[in-house]
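Enquirer: Sharing structure35.txt (compact mmCIF, C-alpha atoms) below.
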# COMPACT_ATOMS: atom_id res chain seq x y z
CA MET U 144 -0.58 -15.84 24.04
CA SER U 145 -3.47 -14.18 22.22
CA TRP U 146 -4.95 -14.31 18.74
CA VAL U 147 -4.75 -11.30 16.43
CA LEU U 148 -5.90 -10.64 12.87
CA GLY U 149 -4.32 -8.58 10.11
CA VAL U 150 -6.23 -7.58 6.98
CA ASP U 151 -4.85 -6.10 3.75
CA SER U 152 -7.34 -4.71 1.24
CA GLY U 153 -6.30 -3.48 -2.18
CA GLY U 154 -7.13 -3.56 -5.85
CA SER U 155 -6.43 -7.27 -6.11
CA GLY U 156 -8.78 -8.24 -3.26
CA LEU U 157 -8.45 -8.97 0.44
CA ARG U 158 -5.87 -10.95 2.38
CA PHE U 159 -6.25 -12.12 5.96
CA ALA U 160 -3.62 -13.37 8.39
CA LEU U 161 -4.23 -14.94 11.80
CA GLY U 162 -1.36 -14.60 14.24
CA SER U 163 -0.46 -15.51 17.77
CA THR U 164 1.28 -12.89 19.82
CA ALA U 165 3.27 -12.61 23.01
CA PRO U 166 5.50 -9.82 24.39
CA ASP U 167 9.07 -10.16 23.14
CA GLY U 168 10.59 -8.84 26.35
CA SER U 169 12.52 -6.10 24.55
CA THR U 170 12.86 -2.56 25.90
CA ALA U 171 14.10 -1.11 22.61
CA PRO U 172 12.26 1.97 21.29
CA ASP U 173 10.86 0.01 18.34
CA ALA U 174 9.85 -3.03 20.37
CA SER U 175 6.30 -4.30 19.97
CA ALA U 176 5.29 -7.92 20.15
CA ALA U 177 6.52 -11.16 18.72
CA VAL U 178 3.80 -12.09 16.23
CA THR U 179 3.78 -15.52 14.64
CA THR U 180 1.71 -15.96 11.50
CA VAL U 181 -0.43 -19.06 11.99
CA ALA U 182 -2.68 -19.11 8.91
CA THR U 183 -3.61 -16.95 5.92
CA THR U 184 -6.43 -16.80 3.42
CA ALA U 185 -7.53 -14.47 0.62
CA SER U 186 -10.54 -13.25 -1.33
CA ALA U 187 -9.93 -12.15 -4.92
CA GLU U 188 -12.82 -9.66 -5.23
CA PRO U 189 -11.85 -6.08 -4.25
CA LEU U 190 -14.02 -4.08 -1.87
CA ARG U 191 -16.67 -1.84 -3.37
CA THR U 192 -17.02 1.86 -2.66
CA GLY U 193 -20.32 3.66 -2.20
CA PRO U 194 -21.70 7.00 -0.97
CA SER U 195 -19.98 6.59 2.42
CA GLY U 196 -16.76 5.26 0.95
CA ILE U 197 -15.43 1.73 1.32
CA ASP U 198 -18.31 -0.72 1.80
CA ALA U 199 -18.22 -1.80 5.46
CA GLY U 200 -20.95 -4.41 4.97
CA GLN U 201 -19.02 -6.13 2.21
CA LEU U 202 -15.86 -6.15 4.33
CA LEU U 203 -17.71 -7.74 7.25
CA ALA U 204 -19.27 -10.32 4.92
CA ARG U 205 -15.74 -11.39 3.90
CA LEU U 206 -14.05 -10.99 7.25
CA LEU U 207 -16.36 -13.04 9.47
CA PRO U 208 -16.14 -16.32 7.51
CA ALA U 209 -12.42 -15.72 6.98
CA VAL U 210 -11.87 -15.56 10.75
CA GLU U 211 -13.87 -18.78 11.23
CA ALA U 212 -11.85 -20.54 8.53
CA LEU U 213 -8.52 -19.30 9.90
CA LEU U 214 -9.31 -20.41 13.45
CA ALA U 215 -10.35 -23.82 12.13
CA GLU U 216 -7.10 -24.09 10.13
CA ALA U 217 -5.18 -23.23 13.29
CA GLY U 218 -7.01 -25.98 15.16
CA VAL U 219 -8.83 -23.55 17.44
CA ASP U 220 -12.38 -24.31 18.54
CA PRO U 221 -14.22 -20.98 18.11
CA GLY U 222 -16.68 -21.96 20.86
CA ALA U 223 -19.97 -20.17 21.53
CA GLY U 224 -21.46 -17.75 24.00
CA GLU U 225 -19.18 -16.87 26.90
CA ASP U 226 -16.78 -19.63 25.84
CA ARG U 227 -16.28 -18.10 22.40
CA THR U 228 -12.67 -17.63 21.29
CA THR U 229 -12.18 -13.93 20.64
CA LEU U 230 -9.50 -11.99 18.86
CA SER U 231 -7.44 -9.70 21.07
CA ALA U 232 -6.97 -7.15 18.28
CA VAL U 233 -7.65 -6.56 14.60
CA ALA U 234 -5.76 -4.23 12.25
CA ILE U 235 -7.21 -3.48 8.82
CA GLY U 236 -5.16 -1.77 6.15
CA ALA U 237 -7.06 -0.61 3.10
CA ALA U 238 -6.31 1.31 -0.06
CA GLY U 239 -8.30 4.54 0.09
CA MET U 240 -8.76 4.44 3.87
CA ALA U 241 -7.56 8.03 4.27
CA THR U 242 -10.13 9.47 1.87
CA LEU U 243 -12.82 6.74 1.62
CA GLY U 244 -12.74 5.23 5.11
CA ALA U 245 -15.51 7.21 6.80
CA GLY U 246 -17.97 4.32 6.61
CA LEU U 247 -15.48 1.85 8.04
CA ARG U 248 -14.55 4.18 10.89
CA ALA U 249 -18.23 4.69 11.72
CA GLU U 250 -19.45 1.09 11.49
CA LEU U 251 -16.65 -1.39 12.12
CA PRO U 252 -15.79 -0.81 15.81
CA ALA U 253 -19.26 -1.72 17.08
CA ALA U 254 -19.76 -4.46 14.49
CA LEU U 255 -16.50 -6.24 15.28
CA GLU U 256 -17.18 -6.07 19.01
CA ARG U 257 -20.68 -7.45 18.48
CA PHE U 258 -19.75 -10.33 16.15
CA LEU U 259 -16.22 -11.19 17.25
CA GLY U 260 -15.80 -9.69 20.69
CA VAL U 261 -13.01 -7.46 19.37
CA ARG U 262 -12.33 -4.46 21.61
CA ARG U 263 -9.05 -3.31 20.05
CA LEU U 264 -9.11 -2.19 16.44
CA ALA U 265 -6.85 -0.20 14.14
CA LEU U 266 -8.05 1.10 10.78
CA ALA U 267 -5.05 2.09 8.68
CA ALA U 268 -4.27 3.43 5.25
CA ASP U 269 -2.46 0.82 3.17
CA ALA U 270 0.60 3.09 3.21
CA VAL U 271 0.73 2.75 7.01
CA THR U 272 0.58 -1.06 6.92
CA ALA U 273 3.24 -0.95 4.20
CA TYR U 274 5.30 1.22 6.56
CA ALA U 275 4.82 -1.15 9.51
CA GLY U 276 5.72 -4.13 7.36
CA ALA U 277 8.83 -2.45 6.01
CA LEU U 278 10.25 -0.68 9.10
CA GLY U 279 8.23 -1.95 12.04
CA GLN U 280 7.89 0.80 14.63
CA ARG U 281 11.10 2.67 13.85
CA ALA U 282 11.26 6.27 12.65
CA GLY U 283 12.02 6.66 8.95
CA VAL U 284 10.47 6.74 5.49
CA VAL U 285 8.70 4.15 3.38
CA VAL U 286 8.06 4.62 -0.32
CA ALA U 287 5.24 2.33 -1.49
CA ALA U 288 5.11 2.17 -5.27
CA GLY U 289 3.12 0.00 -7.60
CA THR U 290 0.46 1.36 -9.93
CA GLY U 291 0.57 4.49 -7.75
CA MET U 292 3.24 6.00 -5.51
CA ILE U 293 3.19 7.42 -1.99
CA ALA U 294 5.90 8.28 0.51
CA LEU U 295 5.16 8.16 4.22
CA GLY U 296 7.47 9.27 7.00
CA THR U 297 7.32 9.54 10.76
CA ASP U 298 9.46 10.60 13.69
CA LEU U 299 7.00 8.61 15.87
CA THR U 300 5.19 11.79 16.95
CA GLY U 301 3.21 12.32 13.74
CA TRP U 302 2.99 11.31 10.07
CA GLN U 303 4.08 13.13 6.93
CA ARG U 304 2.87 12.01 3.52
CA ALA U 305 3.85 13.03 0.02
CA ASP U 306 1.88 12.21 -3.10
CA GLY U 307 -0.44 9.23 -3.33
CA TRP U 308 -2.99 11.53 -4.98
CA GLY U 309 -3.98 9.20 -7.80
CA HIS U 310 -2.98 9.01 -11.45
CA LEU U 311 -4.76 12.24 -12.45
CA LEU U 312 -3.31 14.47 -9.73
CA GLY U 313 -0.06 12.79 -8.79
CA ASP U 314 1.41 9.35 -8.08
CA CYS U 315 4.44 10.81 -9.83
CA GLY U 316 7.01 8.17 -10.66
CA GLY U 317 4.60 5.28 -10.07
CA GLY U 318 3.71 2.57 -12.55
CA ALA U 319 0.78 4.41 -14.12
CA TRP U 320 2.90 7.57 -14.42
CA ILE U 321 5.74 5.69 -16.18
CA GLY U 322 3.32 3.81 -18.43
CA ARG U 323 1.42 6.94 -19.42
CA ALA U 324 4.66 8.79 -20.21
CA GLY U 325 5.80 5.84 -22.31
CA LEU U 326 2.55 5.73 -24.25
CA GLU U 327 2.71 9.47 -24.82
CA ALA U 328 6.22 9.07 -26.24
CA ALA U 329 4.92 6.32 -28.49
CA MET U 330 2.11 8.54 -29.80
CA ARG U 331 4.62 11.36 -30.41
CA ALA U 332 6.65 9.00 -32.54
CA TYR U 333 3.52 7.98 -34.44
CA ASP U 334 2.75 11.66 -35.14
CA GLY U 335 6.34 12.54 -36.00
CA ARG U 336 6.59 15.02 -33.13
CA ARG U 337 9.72 15.77 -31.14
CA GLY U 338 10.23 13.63 -28.04
CA GLY U 339 8.86 10.51 -29.65
CA SER U 340 10.25 7.01 -29.26
CA PRO U 341 10.04 4.57 -32.17
CA ALA U 342 11.04 1.77 -29.81
CA LEU U 343 8.12 2.49 -27.49
CA LEU U 344 5.78 2.88 -30.47
CA SER U 345 6.76 -0.60 -31.62
CA ARG U 346 6.12 -2.09 -28.19
CA MET U 347 2.83 -0.21 -27.80
CA GLU U 348 1.47 -1.48 -31.12
CA ALA U 349 2.63 -5.01 -30.33
CA ILE U 350 0.60 -4.93 -27.12
CA PHE U 351 -2.38 -2.66 -27.82
CA GLY U 352 -2.65 -2.69 -31.61
CA PRO U 353 -2.52 0.23 -34.08
CA ALA U 354 -1.77 3.60 -32.51
CA PRO U 355 -4.97 5.38 -33.68
CA GLU U 356 -7.07 2.80 -31.83
CA LEU U 357 -5.41 3.32 -28.45
CA PRO U 358 -7.64 6.18 -27.19
CA GLY U 359 -10.76 4.15 -27.88
CA LEU U 360 -9.28 1.17 -26.05
CA LEU U 361 -8.01 3.14 -23.06
CA TYR U 362 -10.43 5.95 -22.22
CA PRO U 363 -13.60 3.86 -21.60
CA ARG U 364 -11.75 1.54 -19.19
CA THR U 365 -12.57 1.83 -15.49
CA ASP U 366 -9.17 0.32 -14.68
CA ARG U 367 -7.14 2.90 -16.60
CA PRO U 368 -4.40 3.24 -13.95
CA ALA U 369 -3.71 -0.49 -14.07
CA VAL U 370 -3.71 -0.50 -17.88
CA LEU U 371 -1.27 2.42 -17.94
CA ALA U 372 0.94 0.71 -15.36
CA SER U 373 1.02 -2.47 -17.44
CA PHE U 374 3.19 -0.59 -19.96
CA ALA U 375 5.78 0.46 -17.36
CA PRO U 376 7.85 -2.75 -17.72
CA GLU U 377 8.11 -2.08 -21.47
CA VAL U 378 9.47 1.40 -20.76
CA ALA U 379 12.02 -0.07 -18.36
CA ARG U 380 13.08 -2.74 -20.88
CA CYS U 381 13.56 -0.11 -23.59
CA ALA U 382 15.55 2.19 -21.29
CA ALA U 383 18.87 0.44 -21.93
CA GLY U 384 18.93 1.41 -25.60
CA ASP U 385 16.42 4.23 -25.99
CA PRO U 386 17.21 7.70 -24.61
CA VAL U 387 13.53 8.70 -24.41
CA ALA U 388 12.62 5.64 -22.32
CA GLU U 389 15.74 6.16 -20.21
CA GLY U 390 14.71 9.76 -19.59
CA ILE U 391 11.23 8.69 -18.47
CA VAL U 392 12.58 6.21 -15.95
CA SER U 393 15.19 8.68 -14.69
CA THR U 394 12.51 11.32 -14.18
CA ALA U 395 10.40 8.78 -12.32
CA ALA U 396 13.37 8.12 -10.02
CA ARG U 397 13.69 11.84 -9.35
CA HIS U 398 10.00 12.13 -8.46
CA ILE U 399 10.21 9.17 -6.06
CA ALA U 400 13.31 10.59 -4.35
CA GLU U 401 11.64 14.02 -4.04
CA ALA U 402 8.67 12.42 -2.28
CA ALA U 403 10.97 10.55 0.09
CA ALA U 404 12.92 13.73 0.85
CA ALA U 405 9.69 15.63 1.57
CA VAL U 406 8.70 13.27 4.41
CA CYS U 407 12.08 12.37 5.90
CA PRO U 408 12.32 13.28 9.61
CA PRO U 409 14.47 16.43 9.76
CA SER U 410 16.94 15.38 12.45
CA GLY U 411 19.40 12.52 12.58
CA ALA U 412 19.91 9.59 10.27
CA CYS U 413 16.95 8.39 8.25
CA GLU U 414 16.15 4.89 7.04
CA VAL U 415 14.33 4.70 3.70
CA ALA U 416 12.61 1.47 2.72
CA LEU U 417 11.27 0.77 -0.76
CA THR U 418 8.30 -1.53 -1.06
CA GLY U 419 5.85 -2.45 -3.80
CA GLY U 420 5.78 -4.09 -7.19
CA LEU U 421 7.25 -1.13 -9.09
CA PHE U 422 10.71 -1.84 -7.75
CA GLY U 423 10.57 -5.19 -9.51
CA LEU U 424 11.52 -3.19 -12.62
CA GLY U 425 15.07 -3.66 -11.35
CA ASP U 426 18.17 -1.73 -12.31
CA PRO U 427 16.62 0.53 -14.97
CA LEU U 428 14.74 2.22 -12.10
CA LEU U 429 16.83 1.31 -9.04
CA VAL U 430 20.17 2.59 -10.36
CA PRO U 431 18.95 6.17 -11.02
CA LEU U 432 16.81 6.04 -7.86
CA ARG U 433 19.80 5.20 -5.67
CA ALA U 434 21.69 8.08 -7.24
CA GLU U 435 18.78 10.48 -6.65
CA LEU U 436 18.39 9.37 -3.03
CA ALA U 437 22.11 9.82 -2.43
CA GLY U 438 21.91 13.35 -3.83
CA GLN U 439 18.67 14.46 -2.17
CA LEU U 440 19.02 12.54 1.12
CA PRO U 441 22.75 12.14 1.74
CA HIS U 442 22.15 11.31 5.42
CA ALA U 443 19.67 8.51 4.62
CA THR U 444 20.28 4.78 4.42
CA THR U 445 18.26 2.63 2.06
CA VAL U 446 17.14 -0.59 3.75
CA SER U 447 15.18 -3.63 2.63
CA ALA U 448 11.54 -3.99 3.64
CA VAL U 449 11.17 -6.68 6.32
CA ALA U 450 7.60 -7.69 5.43
CA ASP U 451 4.70 -6.78 3.17
CA PRO U 452 1.57 -4.75 4.09
CA LEU U 453 -0.26 -7.85 5.40
CA GLY U 454 2.67 -8.48 7.71
CA GLY U 455 2.48 -4.83 8.71
CA ALA U 456 -1.21 -5.14 9.58
CA LEU U 457 -0.44 -8.19 11.70
CA LEU U 458 2.38 -6.32 13.47
CA ILE U 459 0.02 -3.43 14.30
CA ALA U 460 -2.58 -5.88 15.63
CA GLY U 461 0.04 -7.57 17.79
CA ALA U 462 1.23 -4.24 19.14
CA LEU U 463 -2.34 -3.26 19.98
CA ALA U 464 -2.93 -6.54 21.78
CA THR U 465 0.11 -6.04 24.01
CA ASP U 466 -0.21 -2.27 24.62
CA ALA U 467 2.96 -1.71 22.61
CA LEU U 468 1.76 0.39 19.65
CA ARG U 469 4.28 3.20 19.11
CA LEU U 470 3.29 4.31 15.62
CA PRO U 471 1.44 7.62 16.03
CA PRO U 472 -2.36 7.59 15.76
CA ASP U 473 -3.95 9.74 13.09
CA ALA U 474 -7.64 10.30 12.36
CA ARG U 475 -7.28 9.19 8.74
CA LEU U 476 -3.99 7.33 8.43
CA LEU U 477 -3.99 5.20 11.60
CA ASN U 478 -7.30 5.38 13.40
CA VAL U 479 -7.37 3.60 16.78
CA PRO U 480 -10.80 4.17 18.37
CA THR U 481 -10.17 4.81 22.07
CA GLU U 482 -13.53 3.33 23.05
CA GLN U 483 -12.25 -0.03 21.85
CA ASP U 484 -9.79 -0.11 24.76
CA GLY U 485 -12.38 0.08 27.47
Starting from the coordinates I provided, produce the structure as structure tokens.

Expert:
Amino acid sequence: MSWVLGVDSGGSGLRFALGSTAPDGSTAPDASAAVTTVATTASAEPLRTGPSGIDAGQLLARLLPAVEALLAEAGVDPGAGEDRTTLSAVAIGAAGMATLGAGLRAELPAALERFLGVRRLALAADAVTAYAGALGQRAGVVVAAGTGMIALGTDLTGWQRADGWGHLLGDCGGGAWIGRAGLEAAMRAYDGRRGGSPALLSRMEAIFGPAPELPGLLYPRTDRPAVLASFAPEVARCAAGDPVAEGIVSTAARHIAEAAAAVCPPSGACEVALTGGLFGLGDPLLVPLRAELAGQLPHATTVSAVADPLGGALLIAGALATDALRLPPDARLLNVPTEQDG
């Protein structure tokens, strides 16, 4: 048995999970390690970004005391010097790792070896830990959708991604996309333009106040994507009786299915897992999405996600610890520094 750590970093803060791992004895292609979650903890403050991307110093300042607290909760004496209890592997999944992870990739390997004795480390985009949590180490597709939306697929030789480009350039079909389209329809109704929705105008004014004040409330906000996404449930609720809202949600379903189709491995059957808070909108989104997936990916099977991104990070750490990692390495999406194995 060995100790492993999974970390999930996102807009709502950091989550940490300590696990114990042992080989499961399986020879299946997707076999990795049996990882048992022993203790978890969280920090509500999100990581900062700076000139080199995600702040490695801030992450270390949160991670080191979290490890100490988790070991204590598990009843493990951390020890000191040569008797120190060390982690066999750490996997960190972070939003923005692909584009803002340069600082982490440069600083964390040496720092974690120095402070924790960690010699096996994986730095992953949050979409990869979402994938590992949903499908484990099987080939397939995971659509992770919340405020944003990204589809990630692999045939276990490489990764394909679609979208995940943020609310200004993409994330089509995600929560911010649906919310923005709903607010636009509300403003069209206020102006008397075609394509407007009186139902969405009513809900917008109930939540945000008079329509003319919305730009002043929205544009200065640094959390605009989250504010836009907060209106997505209203669009979904209105979809049953409002054709404009129904059209927005149906278009979102088409965008999500298009992203999944773009990354689906080209040969054989394909499993598609849906994960993330957006799918909590329920049938208004899921019914048209199932229809779109059936039309665009007739050979695919939609499956339930087994675990969340924190569980995915822990699975990757367990696989690293037992030399069983089968998900393909990638410089930005799943970075596994080879010097850590020495």

Enquirer: Taking into account all atoms listed in the file, which residue in the set U:Asp366, U:Glu414, U:Glu250, U:Asp426 is nearest to U:Val284?

Expert: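 Of all the options, U:Glu414 lies closest to U:Val284.
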
Enquirer: With all atoms listed in the file as the atoms that count, which of U:Thr192, U:Gln280, U:Gln201, U:Ser145 lies nearest to U:Val233?

Expert: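 The answer is U:Ser145, which sits nearest to U:Val233.
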
Enquirer: With distances taken over all atoms listed in the file, which residue among U:Ala253, U:Ala456, U:Val415, U:Ala395 lies nearest U:Gly296?

Expert: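 Smallest separation from U:Gly296 among the options: U:Val415.
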
Enquirer: Find the residues around U:Gly196 up to 9 Å (all atoms listed in the file counted), leave out those fewer than 4 positions away in its own chain, and share them as JSON, numbers by chain.

Expert: {"U": [191, 192, 239, 240, 242, 243, 244, 245, 246, 247]}

Enquirer: Just C-alpha atoms for this one: save the residues we selected as a PDB file, keeping the file's coordinate frame.

Expert:
ATOM      1  CA  ARG U 191     -16.670  -1.840  -3.370  1.00  0.00           C
ATOM      2  CA  THR U 192     -17.020   1.860  -2.660  1.00  0.00           C
ATOM      3  CA  GLY U 239      -8.300   4.540   0.090  1.00  0.00           C
ATOM      4  CA  MET U 240      -8.760   4.440   3.870  1.00  0.00           C
ATOM      5  CA  THR U 242     -10.130   9.470   1.870  1.00  0.00           C
ATOM      6  CA  LEU U 243     -12.820   6.740   1.620  1.00  0.00           C
ATOM      7  CA  GLY U 244     -12.740   5.230   5.110  1.00  0.00           C
ATOM      8  CA  ALA U 245     -15.510   7.210   6.800  1.00  0.00           C
ATOM      9  CA  GLY U 246     -17.970   4.320   6.610  1.00  0.00           C
ATOM     10  CA  LEU U 247     -15.480   1.850   8.040  1.00  0.00           C
TER      11      LEU U 247
END

Enquirer: Applying 7 Å and only C-alpha atoms, which residues near U:Ile321 remain after dropping the ones on its own chain fewer than 2 positions away? List them as a list in words.

Expert: Gly316, Gly317, Gly318, Ala319, Arg323, Ala324, Gly325, Ala372, Ala375, Ile391, Val392 and Ala395 of chain U

Enquirer: Which of these, U:Gly455, U:Ala404, U:Ala268, U:Asp473, has the shortest distance to U:Pro441 once you count all atoms listed in the file?

Expert: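 Closest to U:Pro441, using all atoms listed in the file: U:Ala404.
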
Enquirer: Please compute the atom CA of U:Gln303-atom CA of U:Gly454 distance, one decimal, in Å.

Expert: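 According to the coordinates, atom CA of U:Gln303 and atom CA of U:Gly454 are separated by 21.7 Å.
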
Enquirer: So which residues touch U:Val210 within 9 Å, counting only C-alpha atoms, skipping near sequence neighbours fewer than 6 positions away, as number ranges by chain?

Expert: U: 148, 159-161, 259

Enquirer: Which residues are close to U:Thr444, i.e. within 9 Å by only C-alpha atoms, leaving aside same-chain residues fewer than 2 positions away? Reply as number ranges by chain.

Expert: U: 412-416, 436-437, 440-442, 446

Enquirer: Filtering to C-alpha atoms, could you give me those residues as a JSON list (two decimals), in the coordinates of the input?

Expert:
[["chain", "number", "residue", "atom", "x", "y", "z"],
["U", 412, "ALA", "CA", 19.91, 9.59, 10.27],
["U", 413, "CYS", "CA", 16.95, 8.39, 8.25],
["U", 414, "GLU", "CA", 16.15, 4.89, 7.04],
["U", 415, "VAL", "CA", 14.33, 4.70, 3.70],
["U", 416, "ALA", "CA", 12.61, 1.47, 2.72],
["U", 436, "LEU", "CA", 18.39, 9.37, -3.03],
["U", 437, "ALA", "CA", 22.11, 9.82, -2.43],
["U", 440, "LEU", "CA", 19.02, 12.54, 1.12],
["U", 441, "PRO", "CA", 22.75, 12.14, 1.74],
["U", 442, "HIS", "CA", 22.15, 11.31, 5.42],
["U", 446, "VAL", "CA", 17.14, -0.59, 3.75]]

Enquirer: Using all atoms listed in the file, which of U:Ala288, U:Ala237, U:Leu326, U:Leu157 sits nearest U:Leu357?

Expert: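 Closest candidate: U:Leu326.
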
Enquirer: Excluding U:Pro431 and any residue of its chain fewer than 3 positions from it, enumerate the residues within 9 Å of it, using all atoms listed in the file, and give them as a list in words.

Expert: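 So, after excluding close chain neighbours, the residues are Val392, Ser393, Thr394, Ala396, Arg397, Asp426, Pro427, Leu428, Ala434, Glu435 and Leu436 of chain U.
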
Enquirer: Measuring between only C-alpha atoms, which one of U:Asp334, U:Glu401, U:Glu377, U:Asp466 shows the shortest distance to U:Ser231?

Expert: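 So, comparing all the options, the nearest one is U:Asp466.
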
Enquirer: Distance atom CA of U:Leu190-atom CA of U:Ala448, one decimal place?

Expert: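 Going from atom CA of U:Leu190 over to atom CA of U:Ala448, I get 26.1 Å.
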
Enquirer: Can you work out the spacing between atom CA of U:Arg475 and atom CA of U:Arg205 in Å, to one decimal?

Expert: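 Going from atom CA of U:Arg475 over to atom CA of U:Arg205, I get 22.8 Å.
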
Enquirer: Could you complete stretch 378-385 of chain U so that it carries all heavy atoms, and give it back as a PDB file, in the frame of the given file?

Expert:
ATOM      1  N   VAL U 378       8.628   0.204 -20.800  1.00  0.00           N
ATOM      2  CA  VAL U 378       9.470   1.400 -20.760  1.00  0.00           C
ATOM      3  C   VAL U 378      10.807   1.058 -20.121  1.00  0.00           C
ATOM      4  O   VAL U 378      11.872   1.459 -20.624  1.00  0.00           O
ATOM      5  CB  VAL U 378       8.771   2.530 -19.979  1.00  0.00           C
ATOM      6  CG1 VAL U 378       9.653   3.780 -19.928  1.00  0.00           C
ATOM      7  CG2 VAL U 378       7.418   2.869 -20.616  1.00  0.00           C
ATOM      8  N   ALA U 379      10.772   0.302 -19.028  1.00  0.00           N
ATOM      9  CA  ALA U 379      12.020  -0.070 -18.360  1.00  0.00           C
ATOM     10  C   ALA U 379      12.898  -0.941 -19.255  1.00  0.00           C
ATOM     11  O   ALA U 379      14.127  -0.772 -19.285  1.00  0.00           O
ATOM     12  CB  ALA U 379      11.705  -0.794 -17.054  1.00  0.00           C
ATOM     13  N   ARG U 380      12.290  -1.867 -19.998  1.00  0.00           N
ATOM     14  CA  ARG U 380      13.080  -2.740 -20.880  1.00  0.00           C
ATOM     15  C   ARG U 380      13.718  -1.942 -22.018  1.00  0.00           C
ATOM     16  O   ARG U 380      14.814  -2.256 -22.466  1.00  0.00           O
ATOM     17  CB  ARG U 380      12.198  -3.865 -21.429  1.00  0.00           C
ATOM     18  CG  ARG U 380      12.046  -5.033 -20.477  1.00  0.00           C
ATOM     19  CD  ARG U 380      11.397  -6.218 -21.150  1.00  0.00           C
ATOM     20  NE  ARG U 380       9.959  -6.057 -21.233  1.00  0.00           N
ATOM     21  CZ  ARG U 380       9.109  -6.485 -20.302  1.00  0.00           C
ATOM     22  NH1 ARG U 380       9.554  -7.089 -19.222  1.00  0.00           N
ATOM     23  NH2 ARG U 380       7.806  -6.320 -20.441  1.00  0.00           N
ATOM     24  N   CYS U 381      13.025  -0.922 -22.493  1.00  0.00           N
ATOM     25  CA  CYS U 381      13.560  -0.110 -23.590  1.00  0.00           C
ATOM     26  C   CYS U 381      14.618   0.879 -23.121  1.00  0.00           C
ATOM     27  O   CYS U 381      15.372   1.429 -23.936  1.00  0.00           O
ATOM     28  CB  CYS U 381      12.430   0.649 -24.289  1.00  0.00           C
ATOM     29  SG  CYS U 381      11.330  -0.389 -25.286  1.00  0.00           S
ATOM     30  N   ALA U 382      14.690   1.125 -21.802  1.00  0.00           N
ATOM     31  CA  ALA U 382      15.550   2.190 -21.290  1.00  0.00           C
ATOM     32  C   ALA U 382      17.022   1.963 -21.590  1.00  0.00           C
ATOM     33  O   ALA U 382      17.788   2.924 -21.733  1.00  0.00           O
ATOM     34  CB  ALA U 382      15.345   2.354 -19.788  1.00  0.00           C
ATOM     35  N   ALA U 383      17.449   0.711 -21.703  1.00  0.00           N
ATOM     36  CA  ALA U 383      18.870   0.440 -21.930  1.00  0.00           C
ATOM     37  C   ALA U 383      19.356   0.976 -23.268  1.00  0.00           C
ATOM     38  O   ALA U 383      20.523   1.378 -23.390  1.00  0.00           O
ATOM     39  CB  ALA U 383      19.135  -1.061 -21.842  1.00  0.00           C
ATOM     40  N   GLY U 384      18.483   0.991 -24.283  1.00  0.00           N
ATOM     41  CA  GLY U 384      18.930   1.410 -25.600  1.00  0.00           C
ATOM     42  C   GLY U 384      18.193   2.571 -26.200  1.00  0.00           C
ATOM     43  O   GLY U 384      18.451   2.938 -27.355  1.00  0.00           O
ATOM     44  N   ASP U 385      17.252   3.147 -25.447  1.00  0.00           N
ATOM     45  CA  ASP U 385      16.420   4.230 -25.990  1.00  0.00           C
ATOM     46  C   ASP U 385      16.496   5.425 -25.055  1.00  0.00           C
ATOM     47  O   ASP U 385      16.062   5.345 -23.893  1.00  0.00           O
ATOM     48  CB  ASP U 385      14.972   3.752 -26.130  1.00  0.00           C
ATOM     49  CG  ASP U 385      14.075   4.852 -26.656  1.00  0.00           C
ATOM     50  OD1 ASP U 385      14.284   5.300 -27.792  1.00  0.00           O
ATOM     51  OD2 ASP U 385      13.160   5.270 -25.912  1.00  0.00           O
TER      52      ASP U 385
END
